[in-house]
file structure_3.cif (mmCIF, C-alpha atoms)
data_protein
#
loop_
_atom_site.label_atom_id
_atom_site.label_comp_id
_atom_site.auth_asym_id
_atom_site.auth_seq_id
_atom_site.Cartn_x
_atom_site.Cartn_y
_atom_site.Cartn_z
CA MET J 8 -44.03 -34.73 -10.15
CA LEU J 9 -40.38 -34.19 -9.30
CA GLY J 10 -40.48 -30.87 -11.12
CA LEU J 11 -42.95 -29.55 -8.57
CA PHE J 12 -40.27 -29.62 -5.90
CA LYS J 13 -37.40 -28.33 -8.01
CA LYS J 14 -35.41 -25.71 -6.14
CA ASP J 15 -35.77 -22.18 -7.49
CA SER J 16 -32.42 -21.22 -9.08
CA THR J 17 -33.35 -17.58 -9.59
CA PRO J 18 -30.62 -15.35 -8.05
CA GLN J 19 -31.96 -13.67 -4.94
CA SER J 20 -31.38 -10.05 -4.03
CA PRO J 21 -28.55 -9.73 -1.49
CA LEU J 22 -30.26 -6.62 -0.09
CA LYS J 23 -33.68 -5.76 1.22
CA ASP J 24 -35.74 -4.20 -1.55
CA HIS J 25 -35.68 -0.63 -0.25
CA ARG J 26 -31.89 -0.67 0.16
CA ARG J 27 -31.37 -2.30 -3.24
CA GLN J 28 -33.58 0.36 -4.81
CA TRP J 29 -31.63 3.10 -3.05
CA VAL J 30 -28.29 1.81 -4.35
CA GLU J 31 -29.69 1.39 -7.88
CA SER J 32 -31.36 4.80 -8.13
CA SER J 33 -28.43 6.58 -6.47
CA PHE J 34 -26.02 4.96 -8.90
CA GLN J 35 -28.27 5.99 -11.78
CA TRP J 36 -28.35 9.56 -10.49
CA LEU J 37 -24.56 9.70 -10.24
CA THR J 38 -24.22 8.58 -13.87
CA THR J 39 -26.28 11.60 -14.88
CA ALA J 40 -24.78 14.08 -12.41
CA PHE J 41 -21.25 13.30 -13.64
CA ASP J 42 -19.78 12.51 -17.07
CA LYS J 43 -21.13 9.09 -18.04
CA GLN J 44 -18.43 8.43 -20.64
CA ALA J 45 -15.72 9.23 -18.10
CA ILE J 46 -17.26 6.68 -15.71
CA LEU J 47 -17.10 4.08 -18.47
CA ASP J 48 -13.50 4.86 -19.42
CA ARG J 49 -11.92 5.79 -16.09
CA LYS J 50 -9.20 3.51 -14.72
CA VAL J 51 -10.00 1.83 -11.43
CA LEU J 52 -7.16 2.42 -8.97
CA VAL J 53 -6.02 -0.42 -6.72
CA PRO J 54 -3.64 -0.73 -3.76
CA HIS J 55 -0.55 -1.43 -5.84
CA TYR J 56 2.70 0.44 -6.38
CA SER J 57 1.82 0.90 -10.06
CA ASP J 58 -1.07 3.16 -9.07
CA PHE J 59 0.50 4.68 -5.97
CA PRO J 60 4.30 4.80 -6.50
CA ILE J 61 4.88 6.12 -3.00
CA ARG J 62 7.05 4.81 -0.18
CA TYR J 63 4.75 4.98 2.83
CA ASN J 64 7.07 5.54 5.76
CA GLY J 65 5.01 7.91 7.89
CA ASP J 66 6.46 11.04 6.29
CA PRO J 67 3.84 13.81 5.89
CA GLN J 68 4.96 14.18 2.28
CA THR J 69 3.30 10.85 1.54
CA ALA J 70 -0.07 12.43 2.33
CA THR J 71 0.64 15.25 -0.13
CA ASP J 72 1.74 12.80 -2.82
CA THR J 73 -1.32 10.61 -2.25
CA LEU J 74 -3.64 13.60 -2.36
CA GLU J 75 -2.22 14.58 -5.76
CA ILE J 76 -3.03 11.14 -7.19
CA VAL J 77 -6.53 10.98 -5.67
CA ALA J 78 -7.33 14.57 -6.68
CA ALA J 79 -6.26 13.90 -10.28
CA GLN J 80 -8.43 10.77 -10.33
CA MET J 81 -11.42 12.78 -9.09
CA GLU J 82 -10.74 15.73 -11.39
CA ILE J 83 -10.07 18.28 -8.65
CA SER J 84 -7.16 20.70 -8.80
CA THR J 85 -4.87 20.53 -5.76
CA THR J 86 -4.67 24.34 -5.93
CA ASP J 87 -8.25 24.28 -4.58
CA LEU J 88 -7.21 22.20 -1.57
CA GLU J 89 -5.37 22.88 1.67
CA LEU J 90 -4.00 19.78 3.41
CA ASP J 91 -3.57 19.70 7.17
CA ILE J 92 -2.33 16.76 9.25
CA PHE J 93 -3.80 16.39 12.73
CA ASP J 94 -1.58 14.57 15.24
CA ASP J 95 -3.81 11.94 16.82
CA THR J 96 -0.97 9.62 17.80
CA TYR J 97 -0.18 11.16 21.16
CA ASN J 98 -3.42 9.97 22.73
CA GLN J 99 -3.42 6.38 21.51
CA LEU J 100 -3.63 3.62 24.11
CA SER J 101 -2.43 0.07 23.63
CA THR J 102 -5.24 -2.50 23.68
CA GLY J 103 -2.87 -5.28 24.68
CA SER J 104 -3.74 -7.14 21.50
CA PRO J 105 -1.06 -9.43 19.99
CA THR J 106 -1.54 -7.50 16.74
CA GLY J 107 -0.41 -4.29 18.41
CA SER J 108 -3.69 -2.49 17.79
CA LYS J 109 -4.33 0.79 19.56
CA LEU J 110 -7.36 2.73 20.73
CA THR J 111 -7.49 6.46 20.01
CA VAL J 112 -9.00 8.62 22.75
CA VAL J 113 -10.65 11.69 21.24
CA ALA J 114 -10.72 14.74 23.46
CA GLU J 115 -13.37 17.44 23.32
CA GLY J 116 -12.86 19.75 20.35
CA GLU J 117 -10.76 17.35 18.33
CA PRO J 118 -11.79 15.94 14.93
CA THR J 119 -14.05 12.90 15.22
CA ALA J 120 -14.82 10.00 12.90
CA ASN J 121 -17.78 11.93 11.47
CA GLU J 122 -15.97 14.87 9.87
CA PRO J 123 -17.98 17.93 8.83
CA TRP J 124 -18.78 18.56 5.20
CA PRO J 125 -16.27 20.85 3.44
CA ALA J 126 -16.59 24.58 3.08
CA VAL J 127 -14.20 27.02 1.42
CA ASN J 128 -11.93 28.75 3.97
CA ASP J 129 -10.73 32.36 3.99
CA ALA J 130 -7.99 31.46 1.52
CA GLY J 131 -10.59 30.22 -0.97
CA LYS J 132 -9.54 26.58 -0.53
CA TYR J 133 -11.21 23.44 0.74
CA PRO J 134 -9.45 22.27 3.93
CA ILE J 135 -8.58 18.56 3.98
CA THR J 136 -7.67 17.28 7.43
CA ILE J 137 -5.92 13.93 7.79
CA LYS J 138 -5.06 12.14 11.02
CA LYS J 139 -1.35 11.45 11.41
CA SER J 140 -2.06 7.80 12.18
CA ARG J 141 -3.40 7.43 8.61
CA LEU J 142 0.13 7.93 7.26
CA GLN J 143 0.99 4.41 8.43
CA LYS J 144 -2.12 2.95 6.76
CA PRO J 145 -1.93 3.85 3.05
CA GLU J 146 -5.15 2.10 1.97
CA LEU J 147 -7.12 3.85 4.69
CA LEU J 148 -5.41 7.13 3.78
CA VAL J 149 -6.59 6.78 0.17
CA ALA J 150 -10.12 5.88 1.29
CA THR J 151 -10.27 8.91 3.60
CA LEU J 152 -9.02 11.33 0.95
CA ALA J 153 -11.42 9.86 -1.63
CA ARG J 154 -14.39 10.47 0.67
CA ASP J 155 -13.27 14.02 1.46
CA LEU J 156 -12.96 14.85 -2.23
CA ALA J 157 -16.23 13.07 -3.05
CA LYS J 158 -17.99 15.50 -0.72
CA ILE J 159 -16.51 18.39 -2.68
CA LYS J 160 -17.65 16.85 -5.97
CA LEU J 161 -21.20 16.44 -4.64
CA LEU J 162 -21.50 19.90 -3.12
CA ARG J 163 -19.62 21.92 -5.71
CA ASP J 164 -20.17 20.05 -8.98
CA ALA J 165 -23.38 18.04 -8.48
CA ARG J 166 -24.82 20.76 -6.22
CA ILE J 167 -26.64 18.53 -3.78
CA THR J 168 -28.52 20.46 -1.14
CA ALA J 169 -27.79 18.37 1.96
CA PRO J 170 -24.95 16.14 3.21
CA ASP J 171 -25.42 12.48 2.37
CA GLU J 172 -22.83 10.06 3.77
CA PRO J 173 -23.89 6.89 1.88
CA LEU J 174 -24.04 8.84 -1.39
CA THR J 175 -20.50 10.04 -0.66
CA ASP J 176 -19.39 6.40 -0.47
CA LEU J 177 -21.03 5.62 -3.80
CA THR J 178 -19.40 8.66 -5.40
CA THR J 179 -15.92 7.29 -4.68
CA LEU J 180 -16.98 4.20 -6.64
CA ILE J 181 -17.81 5.99 -9.89
CA PHE J 182 -14.47 7.82 -9.69
CA GLY J 183 -12.57 4.54 -9.65
CA LEU J 184 -11.71 4.45 -5.95
CA GLY J 185 -14.36 2.02 -4.75
CA VAL J 186 -11.90 -0.76 -3.95
CA PHE J 187 -10.36 1.30 -1.15
CA ASN J 188 -13.63 2.42 0.39
CA ALA J 189 -15.30 -0.98 0.08
CA ASN J 190 -12.39 -2.59 1.93
CA ALA J 191 -12.49 0.19 4.52
CA ALA J 192 -16.20 -0.53 5.07
CA PHE J 193 -15.34 -4.13 5.91
CA MET J 194 -12.69 -3.05 8.40
CA SER J 195 -14.89 -0.66 10.34
CA GLN J 196 -18.51 0.25 11.00
CA ASN J 197 -19.86 3.77 11.36
CA ILE J 198 -23.03 3.83 13.43
CA ASN J 199 -24.96 6.51 15.27
CA SER J 200 -26.32 6.41 18.81
CA SER J 201 -29.44 4.53 17.70
CA GLY J 202 -27.35 1.79 16.13
CA LYS J 203 -28.09 2.74 12.53
CA SER J 204 -25.32 2.65 9.94
CA LEU J 205 -24.16 6.06 8.77
CA ARG J 206 -22.42 4.74 5.68
CA MET J 207 -22.83 2.03 3.06
CA THR J 208 -22.75 -1.44 4.55
CA GLN J 209 -20.57 -4.30 3.36
CA MET J 210 -23.46 -5.87 1.42
CA GLU J 211 -24.38 -2.53 -0.15
CA TRP J 212 -20.80 -2.13 -1.29
CA GLY J 213 -20.91 -5.55 -2.93
CA TYR J 214 -24.07 -4.56 -4.79
CA GLY J 215 -22.71 -1.15 -5.77
CA LEU J 216 -19.54 -2.70 -7.14
CA ALA J 217 -21.62 -5.17 -9.16
CA LEU J 218 -23.68 -2.33 -10.67
CA PHE J 219 -20.46 -0.49 -11.51
CA ALA J 220 -18.95 -3.52 -13.27
CA HIS J 221 -22.20 -4.21 -15.13
CA PHE J 222 -22.51 -0.57 -16.21
CA ARG J 223 -18.97 -0.73 -17.64
CA ASN J 224 -19.63 -4.17 -19.20
CA GLU J 225 -16.73 -5.66 -17.23
CA LYS J 226 -16.60 -9.43 -16.96
CA LYS J 227 -14.46 -10.66 -14.07
CA PRO J 228 -12.68 -7.30 -13.70
CA ALA J 229 -9.09 -7.53 -12.46
CA TRP J 230 -9.70 -4.96 -9.75
CA THR J 231 -11.92 -7.39 -7.83
CA GLU J 232 -8.78 -9.34 -6.90
CA HIS J 233 -7.89 -6.45 -4.60
CA LEU J 234 -11.16 -6.67 -2.64
CA VAL J 235 -11.05 -8.33 0.75
CA LYS J 236 -12.55 -11.82 0.70
CA ASN J 237 -15.91 -10.90 2.24
CA ILE J 238 -16.51 -7.93 -0.06
CA ARG J 239 -15.50 -10.00 -3.09
CA SER J 240 -18.01 -12.68 -2.07
CA ASP J 241 -20.76 -10.06 -1.75
CA PHE J 242 -19.77 -8.67 -5.15
CA GLN J 243 -20.04 -12.09 -6.80
CA LYS J 244 -23.51 -12.74 -5.32
CA SER J 245 -24.68 -9.31 -6.42
CA GLU J 246 -23.13 -9.75 -9.85
CA GLN J 247 -25.28 -12.83 -10.48
CA TYR J 248 -28.43 -11.02 -9.40
CA VAL J 249 -27.74 -7.91 -11.50
CA ALA J 250 -26.85 -9.92 -14.61
CA TYR J 251 -29.95 -12.11 -14.32
CA HIS J 252 -32.44 -9.28 -13.89
CA HIS J 253 -30.91 -6.81 -16.29
CA ASN J 254 -30.12 -9.18 -19.18
CA SER J 255 -33.34 -11.20 -19.16
CA PRO J 256 -35.31 -10.87 -22.43
CA GLN J 257 -38.49 -10.86 -20.36
CA LYS J 258 -36.92 -8.32 -17.94
CA ARG J 259 -38.42 -10.46 -15.14
CA GLU J 260 -41.18 -7.86 -14.71
CA ARG J 261 -38.97 -5.57 -12.64
CA ARG J 262 -37.34 -2.28 -13.43
CA SER J 263 -33.82 -1.98 -14.76
CA PRO J 264 -31.02 -1.50 -12.23
CA PHE J 265 -30.46 1.83 -13.98
CA ALA J 266 -33.84 3.45 -13.55
CA GLY J 267 -35.27 5.76 -10.96
CA ASP J 268 -35.00 9.22 -9.48
CA PRO J 269 -32.26 10.37 -7.09
CA PRO J 270 -33.36 9.51 -3.53
CA MET J 271 -31.35 12.32 -2.04
CA ALA J 272 -32.82 12.07 1.44
CA GLU J 273 -33.83 8.40 1.61
CA SER J 274 -30.42 7.28 2.86
CA GLU J 275 -31.07 9.05 6.16
CA ASN J 276 -33.93 6.66 6.97
CA ARG J 277 -31.96 3.46 7.27
CA PRO J 278 -33.59 0.58 9.13
#

call {"tool": "encode", "arguments": {"input": "structure_3.cif", "output": "structure tokens"}}
result
Amino acid sequence: MLGLFKKDSTPQSPLKDHRRQWVESSFQWLTTAFDKQAILDRKVLVPHYSDFPIRYNGDPQTATDTLEIVAAQMEISTTDLELDIFDDTYNQLSTGSPTGSKLTVVAEGEPTANEPWPAVNDAGKYPITIKKSRLQKPELLVATLARDLAKIKLLRDARITAPDEPLTDLTTLIFGLGVFNANAAFMSQNINSSGKSLRMTQMEWGYGLALFAHFRNEKKPAWTEHLVKNIRSDFQKSEQYVAYHHNSPQKRERRSPFAGDPPMAESENRP
């Protein structure tokens, strides 16, 4: 009789089914659009001096040095890139917070948080524009550069036909830069006027990271120690779910986390 009321110990999906399926099928598509063996072997970069031996003191040279490391990681030649630093510090207002945080006022015509997708300029290079304030925030600088270069990889190498912001996030993951962008997702939200998220959410990042670790057969990967606490918790919950459903001999009557077609436009219809 007691067995009738035994609590179900089956790991539950941390995401709603349609979002879980989007992350799974998008990840699967990326492993076919780019070199699968490279994804398995590529080093995961973390916010540590060993990976970024740069003294971040606000000097513009630090952006150039960081771009060289990120570009090499994402297999893009810096000769194809043109770096420009936009001074956004002159219009920052103090919030009065004890932490010294500031609010940036964006004037008409200036770059906004939703940067356009890259296109080759007259010099035959992809322009990469970085806000000057990023020079004081190295982890955010890496995350920003990784996203900019991920867009180039998707448009130029994978030849996608339309911009896809969440897919851009996931692309940074397979190129070993997911730690930076996952942490950045926790620090800020990108939403449109209707209140819908424009990028991968914190929970989606946790699930994507779990798929990545499972795909690479990584058990307790060291890079998870560099995730912020909330993202790491989401990763651990997702890791249990992925392991249970993918490793089950009975396959739990559901599809593998690595099956499906690329939902190239589905990410635009986020609930």

call {"tool": "residues_around", "arguments": {"input": "structure_3.cif", "residues": "stretch 185-187 of chain J", "least_positions_apart": "3", "cutoff": "10 Å", "atoms": "only C-alpha atoms", "output": "mmCIF file with C-alpha atoms, keeping the file's coordinate frame"}}
result
data_model
loop_
_atom_site.group_PDB
_atom_site.id
_atom_site.type_symbol
_atom_site.label_atom_id
_atom_site.label_comp_id
_atom_site.auth_asym_id
_atom_site.auth_seq_id
_atom_site.Cartn_x
_atom_site.Cartn_y
_atom_site.Cartn_z
ATOM 1 C CA VAL J 51 -10.000 1.830 -11.430
ATOM 2 C CA LEU J 52 -7.160 2.420 -8.970
ATOM 3 C CA VAL J 53 -6.020 -0.420 -6.720
ATOM 4 C CA PRO J 54 -3.640 -0.730 -3.760
ATOM 5 C CA PRO J 145 -1.930 3.850 3.050
ATOM 6 C CA GLU J 146 -5.150 2.100 1.970
ATOM 7 C CA LEU J 147 -7.120 3.850 4.690
ATOM 8 C CA LEU J 148 -5.410 7.130 3.780
ATOM 9 C CA VAL J 149 -6.590 6.780 0.170
ATOM 10 C CA ALA J 150 -10.120 5.880 1.290
ATOM 11 C CA THR J 151 -10.270 8.910 3.600
ATOM 12 C CA ALA J 153 -11.420 9.860 -1.630
ATOM 13 C CA ASP J 176 -19.390 6.400 -0.470
ATOM 14 C CA LEU J 177 -21.030 5.620 -3.800
ATOM 15 C CA THR J 178 -19.400 8.660 -5.400
ATOM 16 C CA THR J 179 -15.920 7.290 -4.680
ATOM 17 C CA LEU J 180 -16.980 4.200 -6.640
ATOM 18 C CA ILE J 181 -17.810 5.990 -9.890
ATOM 19 C CA PHE J 182 -14.470 7.820 -9.690
ATOM 20 C CA ASN J 190 -12.390 -2.590 1.930
ATOM 21 C CA ALA J 191 -12.490 0.190 4.520
ATOM 22 C CA ALA J 192 -16.200 -0.530 5.070
ATOM 23 C CA TRP J 212 -20.800 -2.130 -1.290
ATOM 24 C CA GLY J 215 -22.710 -1.150 -5.770
ATOM 25 C CA LEU J 216 -19.540 -2.700 -7.140
ATOM 26 C CA PHE J 219 -20.460 -0.490 -11.510
ATOM 27 C CA TRP J 230 -9.700 -4.960 -9.750
ATOM 28 C CA THR J 231 -11.920 -7.390 -7.830
ATOM 29 C CA GLU J 232 -8.780 -9.340 -6.900
ATOM 30 C CA HIS J 233 -7.890 -6.450 -4.600
ATOM 31 C CA LEU J 234 -11.160 -6.670 -2.640
ATOM 32 C CA VAL J 235 -11.050 -8.330 0.750
ATOM 33 C CA ILE J 238 -16.510 -7.930 -0.060
ATOM 34 C CA ARG J 239 -15.500 -10.000 -3.090
#

call {"tool": "resolve_selection", "arguments": {"input": "structure_3.cif", "expression": "the PyMOL selection byres ((chain J and resi 69) around 12)", "output": "list in words"}}
result
Phe59, Pro60, Ile61, Arg62, Tyr63, Asn64, Gly65, Asp66, Pro67, Gln68, Ala70, Thr71, Asp72, Thr73, Leu74, Glu75, Ile76, Leu90, Ile92, Ile137, Lys139, Arg141, Leu142, Gln143, Lys144, Pro145, Leu148 and Val149 of chain J

call {"tool": "write_last_selection", "arguments": {"input": "structure_3.cif", "atoms": "C-alpha atoms", "output": "short mmCIF file (atom, residue, chain, number, x, y, z; two decimals), in the coordinates of the input"}}
result
data_model
loop_
_atom_site.label_atom_id
_atom_site.label_comp_id
_atom_site.auth_asym_id
_atom_site.auth_seq_id
_atom_site.Cartn_x
_atom_site.Cartn_y
_atom_site.Cartn_z
CA PHE J 59 0.50 4.68 -5.97
CA PRO J 60 4.30 4.80 -6.50
CA ILE J 61 4.88 6.12 -3.00
CA ARG J 62 7.05 4.81 -0.18
CA TYR J 63 4.75 4.98 2.83
CA ASN J 64 7.07 5.54 5.76
CA GLY J 65 5.01 7.91 7.89
CA ASP J 66 6.46 11.04 6.29
CA PRO J 67 3.84 13.81 5.89
CA GLN J 68 4.96 14.18 2.28
CA ALA J 70 -0.07 12.43 2.33
CA THR J 71 0.64 15.25 -0.13
CA ASP J 72 1.74 12.80 -2.82
CA THR J 73 -1.32 10.61 -2.25
CA LEU J 74 -3.64 13.60 -2.36
CA GLU J 75 -2.22 14.58 -5.76
CA ILE J 76 -3.03 11.14 -7.19
CA LEU J 90 -4.00 19.78 3.41
CA ILE J 92 -2.33 16.76 9.25
CA ILE J 137 -5.92 13.93 7.79
CA LYS J 139 -1.35 11.45 11.41
CA ARG J 141 -3.40 7.43 8.61
CA LEU J 142 0.13 7.93 7.26
CA GLN J 143 0.99 4.41 8.43
CA LYS J 144 -2.12 2.95 6.76
CA PRO J 145 -1.93 3.85 3.05
CA LEU J 148 -5.41 7.13 3.78
CA VAL J 149 -6.59 6.78 0.17
#

call {"tool": "atom_distance", "arguments": {"input": "structure_3.cif", "atom1": "atom CA of J:Leu205", "atom2": "atom CA of J:Ser20"}}
result
21.8 Å

call {"tool": "atom_distance", "arguments": {"input": "structure_3.cif", "atom1": "atom CA of J:Thr136", "atom2": "atom CA of J:Phe93"}}
result
6.6 Å

call {"tool": "closest_residue", "arguments": {"input": "structure_3.cif", "among": "J:Met207, J:Leu88, J:Leu161, J:Ala45", "to": "J:Tyr133", "atoms": "all atoms listed in the file"}}
result
J:Leu88

call {"tool": "closest_atom_pairs", "arguments": {"input": "structure_3.cif", "of": "stretch 30-96 of chain J", "to": "stretch 156-159 of chain J", "cutoff": "8 Å", "atoms": "all atoms listed in the file", "output": "tab-separated table"}}
result
residue	atom	partner	partner_atom	distance
J:Ala78	CA	J:Leu156	CA	7.2
J:Met81	CA	J:Leu156	CA	7.3
J:Ile83	CA	J:Leu156	CA	7.8

call {"tool": "atom_distance", "arguments": {"input": "structure_3.cif", "atom1": "atom CA of J:Glu82", "atom2": "atom CA of J:Ser57"}}
result
19.5 Å

call {"tool": "residues_around", "arguments": {"input": "structure_3.cif", "residues": "J:Leu162", "least_positions_apart": "3", "cutoff": "12 Å", "atoms": "all atoms listed in the file", "output": "number ranges by chain"}}
result
J: 40, 124-127, 133, 155-159, 165-171, 174-175, 178

call {"tool": "residues_around", "arguments": {"input": "structure_3.cif", "residues": "J:Ile46", "least_positions_apart": "4", "cutoff": "9 Å", "atoms": "all atoms listed in the file", "output": "MDAnalysis selection string"}}
result
chainID J and resid 38 41:42 50 181:183 219 222:223

call {"tool": "axis_aligned_box", "arguments": {"input": "structure_3.cif", "around": "stretch 140-154 of chain J", "padding_each_side": "4 Å", "output": "JSON"}}
result
{"center_x": -6.7, "center_y": 6.7, "center_z": 5.3, "size_x": 23.4, "size_y": 17.2, "size_z": 21.8}

call {"tool": "closest_residue", "arguments": {"input": "structure_3.cif", "among": "J:Arg206, J:His55, J:His221, J:Arg27", "to": "J:His253", "atoms": "only C-alpha atoms"}}
result
J:His221

call {"tool": "closest_residue", "arguments": {"input": "structure_3.cif", "among": "J:Gln209, J:Asn224, J:Thr39, J:Ser33", "to": "J:Phe242", "atoms": "all atoms listed in the file"}}
result
J:Gln209

call {"tool": "residues_near_point", "arguments": {"input": "structure_3.cif", "point": "(-21.3, -12.7, -8.6)", "cutoff": "12 Å", "atoms": "all atoms listed in the file", "output": "VMD selection string"}}
result
chain J and resid 18 to 21 213 to 218 220 to 221 226 to 228 231 238 to 251

call {"tool": "closest_residue", "arguments": {"input": "structure_3.cif", "among": "J:Lys132, J:Phe34, J:Arg163, J:His252", "to": "J:Thr17", "atoms": "all atoms listed in the file"}}
result
J:His252

call {"tool": "closest_residue", "arguments": {"input": "structure_3.cif", "among": "J:Gln44, J:Leu37, J:Thr86, J:Trp29", "to": "J:Gly131", "atoms": "only C-alpha atoms"}}
result
J:Thr86

call {"tool": "decode", "arguments": {"input": "structure_3.cif", "residues": "stretch 131-158 of chain J", "atoms": "C-alpha atoms", "output": "short mmCIF file (atom, residue, chain, number, x, y, z; two decimals), in the first residue's frame"}}
result
data_model
loop_
_atom_site.label_atom_id
_atom_site.label_comp_id
_atom_site.auth_asym_id
_atom_site.auth_seq_id
_atom_site.Cartn_x
_atom_site.Cartn_y
_atom_site.Cartn_z
CA GLY J 131 35.88 43.84 -47.03
CA LYS J 132 35.87 43.40 -43.24
CA TYR J 133 33.25 42.70 -40.62
CA PRO J 134 32.95 45.73 -38.29
CA ILE J 135 32.97 44.86 -34.58
CA THR J 136 31.80 47.72 -32.37
CA ILE J 137 32.49 47.60 -28.63
CA LYS J 138 31.29 50.07 -26.02
CA LYS J 139 34.12 51.71 -24.10
CA SER J 140 32.46 50.81 -20.80
CA ARG J 141 33.02 47.12 -21.66
CA LEU J 142 36.78 47.63 -21.25
CA GLN J 143 36.28 47.77 -17.49
CA LYS J 144 34.19 44.57 -17.51
CA PRO J 145 36.36 41.83 -19.06
CA GLU J 146 33.83 38.98 -18.72
CA LEU J 147 31.14 41.04 -20.40
CA LEU J 148 33.65 42.11 -23.06
CA VAL J 149 34.37 38.46 -23.89
CA ALA J 150 30.65 37.63 -23.97
CA THR J 151 29.94 40.55 -26.31
CA LEU J 152 32.76 39.66 -28.70
CA ALA J 153 31.73 35.99 -28.68
CA ARG J 154 28.18 36.90 -29.72
CA ASP J 155 29.40 39.24 -32.46
CA LEU J 156 31.63 36.54 -33.90
CA ALA J 157 28.94 33.89 -33.50
CA LYS J 158 26.74 35.94 -35.82
#
